[in-house]
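Working notes, structure below.
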Amino acid sequence: MSNIKYITEGGLKKLKEELHQLETFERPSISKQIAEARDKGDLSENAEYDAAKEAQGLLEMRIAKLKDTLANSRILDESKIDTSKVQLLNKVKIKNLNNKATMTYTLVPESEADLKAGKISISTPIAKGLLGKKVGDKVEIKVPNGLMTFEVVEISI
């Protein structure tokens with residue numbers, strides 16, 4: 001039984017583009033490498049052939065995983081996102097009460113996490129600790145370097 005994964009329209013588009021790239025360009029390229037290696041003779045001691053077959057196996061595994069993810073994905077409607085409490089796809093401004101630093105993160109599905117862009121996975125300790133909180137709520141969250149206290153300053157889309 002497959003798990004349903006929630007994803008944004010942008011995330012879905014990115015997955016479809018990657019699948020197209022793999023099926024349209026990568027798959028034929030690896031097939032060509034296998035054919036070239038096969039033409040070189042004895043396959044029992046042909047390292048190029050073995051490497052190409054291994055690359056083909058990894059590629060097919062990635063394609064299958066992408067197809068499964070796409071088949072089991074549900075698009076989140078960003079227009080229906082509630083901002084009264086922290087949930088998936090909310091942009092959350094929090095203040096670290098330990099060092100007074102303010103940070104803004106968008107809580108996204110795991111497949112769309114990008115810390116440089118301020119997008120953290122819903123499965124991270126900080127995101128899990130913030131889920132369901134409202135503006136003004138304080139929460140203690142265990143992070144790798146200890147226990148931190150955060151205050152929810154703002155919730156938006």
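We label chains A, B, ... in the order they appear in the structure tokens, count residues from 1 in each chain, and number ligands from 1 in the order shown.
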Original post:
Residues at most 7 Å from Leu76 of chain A, counting only C-alpha atoms, excluding those fewer than 3 positions away in the same chain, as a list of chain:residue names?
Top reply: A:Tyr6, A:Ile7, A:Thr8
**OP:** Could you give me the residues within chain A that DSSP places in helix (DSSP H, G or I), as JSON, numbers by chain?
**Re:** {"A": [9, 10, 11, 12, 13, 14, 15, 16, 17, 18, 19, 20, 21, 22, 23, 24, 25, 26, 27, 28, 29, 30, 31, 32, 33, 34, 35, 36, 37, 38, 47, 48, 49, 50, 51, 52, 53, 54, 55, 56, 57, 58, 59, 60, 61, 62, 63, 64, 65, 66, 67, 68, 69, 70, 71, 78, 79, 80, 110, 111, 112, 115, 116, 117, 125, 126, 127, 128, 129, 130]}
How would the residues just picked look written out with C-alpha atoms as a compact mmCIF listing (two decimals), in the first residue's frame?
```
# COMPACT_ATOMS: atom_id res chain seq x y z
CA GLU A 9 1.75 22.60 -7.92
CA GLY A 10 5.35 23.80 -8.23
CA GLY A 11 6.64 20.60 -6.67
CA LEU A 12 4.51 18.50 -8.99
CA LYS A 13 5.81 20.37 -12.03
CA LYS A 14 9.40 19.84 -10.87
CA LEU A 15 8.83 16.07 -10.46
CA LYS A 16 7.23 15.80 -13.91
CA GLU A 17 10.15 17.69 -15.48
CA GLU A 18 12.66 15.37 -13.80
CA LEU A 19 10.75 12.29 -14.98
CA HIS A 20 10.63 13.66 -18.54
CA GLN A 21 14.40 14.34 -18.45
CA LEU A 22 15.17 10.83 -17.21
CA GLU A 23 12.90 9.05 -19.70
CA THR A 24 13.67 11.22 -22.72
CA PHE A 25 17.40 11.84 -22.40
CA GLU A 26 19.02 9.72 -19.68
CA ARG A 27 17.43 6.37 -20.58
CA PRO A 28 18.50 6.48 -24.29
CA SER A 29 21.98 7.65 -23.28
CA ILE A 30 22.49 4.67 -20.96
CA SER A 31 21.10 2.26 -23.58
CA LYS A 32 23.67 3.64 -26.02
CA GLN A 33 26.48 3.15 -23.46
CA ILE A 34 25.40 -0.47 -22.92
CA ALA A 35 25.35 -1.12 -26.68
CA GLU A 36 28.82 0.40 -27.12
CA ALA A 37 30.22 -1.64 -24.23
CA ARG A 38 28.58 -4.81 -25.59
CA ALA A 47 33.92 -3.05 -16.64
CA GLU A 48 32.25 -0.50 -18.93
CA TYR A 49 29.35 -2.85 -19.51
CA ASP A 50 28.96 -3.58 -15.80
CA ALA A 51 29.03 0.14 -14.96
CA ALA A 52 26.47 0.97 -17.64
CA LYS A 53 24.15 -1.85 -16.50
CA GLU A 54 24.43 -0.64 -12.89
CA ALA A 55 23.68 2.95 -13.97
CA GLN A 56 20.68 1.63 -15.92
CA GLY A 57 19.39 -0.17 -12.83
CA LEU A 58 19.70 2.97 -10.70
CA LEU A 59 18.02 5.07 -13.38
CA GLU A 60 15.09 2.66 -13.70
CA MET A 61 14.73 2.60 -9.91
CA ARG A 62 14.59 6.42 -9.84
CA ILE A 63 12.04 6.50 -12.66
CA ALA A 64 9.85 3.96 -10.84
CA LYS A 65 10.08 5.96 -7.61
CA LEU A 66 9.12 9.19 -9.41
CA LYS A 67 6.16 7.49 -11.11
CA ASP A 68 4.99 6.10 -7.75
CA THR A 69 5.32 9.52 -6.11
CA LEU A 70 3.37 11.18 -8.92
CA ALA A 71 0.66 8.52 -8.80
CA GLU A 78 -2.81 27.05 -1.40
CA SER A 79 -5.93 29.27 -1.55
CA LYS A 80 -7.58 27.16 1.15
CA GLU A 110 9.75 16.63 2.42
CA SER A 111 10.31 16.49 -1.33
CA GLU A 112 10.26 20.30 -1.59
CA LEU A 115 16.83 25.40 3.56
CA LYS A 116 18.59 28.03 1.44
CA ALA A 117 15.16 29.15 0.18
CA PRO A 125 11.84 18.88 14.68
CA ILE A 126 11.16 22.64 14.36
CA ALA A 127 8.24 22.15 11.95
CA LYS A 128 6.75 19.35 14.07
CA GLY A 129 7.00 21.54 17.16
CA LEU A 130 5.31 24.49 15.43
```
Original post:
Hey, can you check how far atom CA of Ile4 of chain A sits from atom CA of Ser73 of chain A?
Top reply: 5.7 Å
Original post:
Any idea what the distance is between atom CA of Ile141 of chain A and atom CA of Thr83 of chain A?
Top reply: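 Pair atom CA of Ile141 of chain A / atom CA of Thr83 of chain A returns 21.1 Å.
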Original post:
DSSP on the backbone: what in chain A comes out strand (DSSP E or B), as number ranges by chain?
Top reply: A: 5-7, 73-75, 91-96, 102-108, 114, 119-121, 138-143, 146-156
With N, CA and C atoms kept, could you save the residues just selected as a short mmCIF file (atom, residue, chain, number, x, y, z; two decimals), in the first residue's frame?
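Okay, again-v8.cif is ready:
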```cif
data_model
loop_
_atom_site.label_atom_id
_atom_site.label_comp_id
_atom_site.auth_asym_id
_atom_site.auth_seq_id
_atom_site.Cartn_x
_atom_site.Cartn_y
_atom_site.Cartn_z
N LYS A 5 1.18 11.40 -0.68
CA LYS A 5 2.08 12.50 -0.39
C LYS A 5 1.43 13.79 -0.87
N TYR A 6 1.51 14.81 -0.04
CA TYR A 6 0.95 16.11 -0.42
C TYR A 6 2.05 16.95 -1.02
N ILE A 7 1.69 17.69 -2.05
CA ILE A 7 2.69 18.41 -2.82
C ILE A 7 2.07 19.69 -3.38
N SER A 73 0.48 11.35 -5.30
CA SER A 73 0.54 12.73 -4.83
C SER A 73 -0.82 13.40 -4.92
N ARG A 74 -1.07 14.25 -3.99
CA ARG A 74 -2.28 15.07 -3.99
C ARG A 74 -1.83 16.52 -3.91
N ILE A 75 -2.36 17.35 -4.82
CA ILE A 75 -1.96 18.75 -4.85
C ILE A 75 -2.67 19.51 -3.73
N LYS A 91 3.85 30.14 5.88
CA LYS A 91 5.10 30.83 6.11
C LYS A 91 5.03 31.28 7.57
N VAL A 92 5.98 30.86 8.38
CA VAL A 92 5.95 31.12 9.81
C VAL A 92 7.16 31.94 10.22
N LYS A 93 6.90 33.06 10.86
CA LYS A 93 7.97 33.89 11.41
C LYS A 93 8.05 33.55 12.89
N ILE A 94 9.24 33.10 13.31
CA ILE A 94 9.42 32.73 14.71
C ILE A 94 10.60 33.48 15.31
N LYS A 95 10.52 33.67 16.61
CA LYS A 95 11.61 34.33 17.33
C LYS A 95 12.20 33.31 18.29
N ASN A 96 13.51 33.14 18.20
CA ASN A 96 14.22 32.27 19.10
C ASN A 96 14.40 33.04 20.41
N THR A 102 15.32 36.20 14.85
CA THR A 102 14.04 35.99 14.18
C THR A 102 14.30 35.29 12.85
N MET A 103 13.49 34.26 12.58
CA MET A 103 13.64 33.48 11.36
C MET A 103 12.28 33.30 10.71
N THR A 104 12.26 33.16 9.40
CA THR A 104 11.02 32.88 8.69
C THR A 104 11.22 31.62 7.87
N TYR A 105 10.31 30.69 8.04
CA TYR A 105 10.36 29.43 7.31
C TYR A 105 9.01 29.16 6.68
N THR A 106 9.02 28.46 5.54
CA THR A 106 7.80 27.94 4.95
C THR A 106 7.82 26.43 5.17
N LEU A 107 6.75 25.89 5.74
CA LEU A 107 6.66 24.46 5.99
C LEU A 107 6.15 23.77 4.73
N VAL A 108 6.96 22.87 4.19
CA VAL A 108 6.66 22.21 2.92
C VAL A 108 6.79 20.70 3.05
N ASP A 114 14.06 23.04 1.06
CA ASP A 114 15.22 23.76 0.54
C ASP A 114 15.58 24.83 1.56
N LYS A 119 12.68 26.99 3.06
CA LYS A 119 11.63 25.98 3.06
C LYS A 119 12.11 24.78 3.86
N ILE A 120 11.41 24.51 4.98
CA ILE A 120 11.82 23.36 5.80
C ILE A 120 10.76 22.27 5.72
N SER A 121 11.24 21.05 5.78
CA SER A 121 10.36 19.88 5.70
C SER A 121 9.45 19.83 6.91
N LYS A 138 4.26 30.06 22.60
CA LYS A 138 5.67 29.74 22.83
C LYS A 138 5.79 28.22 22.87
N VAL A 139 6.86 27.73 22.29
CA VAL A 139 7.05 26.29 22.22
C VAL A 139 8.51 25.94 22.44
N GLU A 140 8.75 24.88 23.23
CA GLU A 140 10.11 24.37 23.42
C GLU A 140 10.29 23.22 22.46
N ILE A 141 11.38 23.28 21.70
CA ILE A 141 11.65 22.25 20.70
C ILE A 141 13.06 21.71 20.90
N LYS A 142 13.15 20.39 20.94
CA LYS A 142 14.46 19.76 21.07
C LYS A 142 15.10 19.72 19.69
N VAL A 143 16.22 20.39 19.54
CA VAL A 143 16.99 20.41 18.30
C VAL A 143 18.33 19.75 18.58
N GLY A 146 20.41 21.03 21.50
CA GLY A 146 19.77 21.27 22.79
C GLY A 146 18.30 21.65 22.68
N LEU A 147 17.77 22.18 23.77
CA LEU A 147 16.38 22.60 23.85
C LEU A 147 16.29 24.09 23.55
N MET A 148 15.43 24.47 22.62
CA MET A 148 15.28 25.88 22.26
C MET A 148 13.83 26.29 22.45
N THR A 149 13.63 27.55 22.79
CA THR A 149 12.29 28.08 22.96
C THR A 149 12.01 29.09 21.86
N PHE A 150 10.90 28.91 21.17
CA PHE A 150 10.51 29.78 20.08
C PHE A 150 9.15 30.39 20.37
N GLU A 151 8.93 31.57 19.82
CA GLU A 151 7.62 32.22 19.87
C GLU A 151 7.15 32.41 18.43
N VAL A 152 5.91 32.05 18.17
CA VAL A 152 5.32 32.26 16.84
C VAL A 152 4.95 33.73 16.74
N VAL A 153 5.59 34.45 15.78
CA VAL A 153 5.39 35.88 15.62
C VAL A 153 4.34 36.18 14.55
N GLU A 154 4.36 35.41 13.46
CA GLU A 154 3.45 35.68 12.35
C GLU A 154 3.23 34.41 11.54
N ILE A 155 2.01 34.25 11.03
CA ILE A 155 1.67 33.11 10.16
C ILE A 155 1.04 33.69 8.90
N SER A 156 1.56 33.29 7.74
CA SER A 156 1.00 33.77 6.48
C SER A 156 1.13 32.68 5.42
#
```
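Take atom CA of Lys85 of chain A and atom CA of Ala113 of chain A: the distance between them is 20.4 Å.
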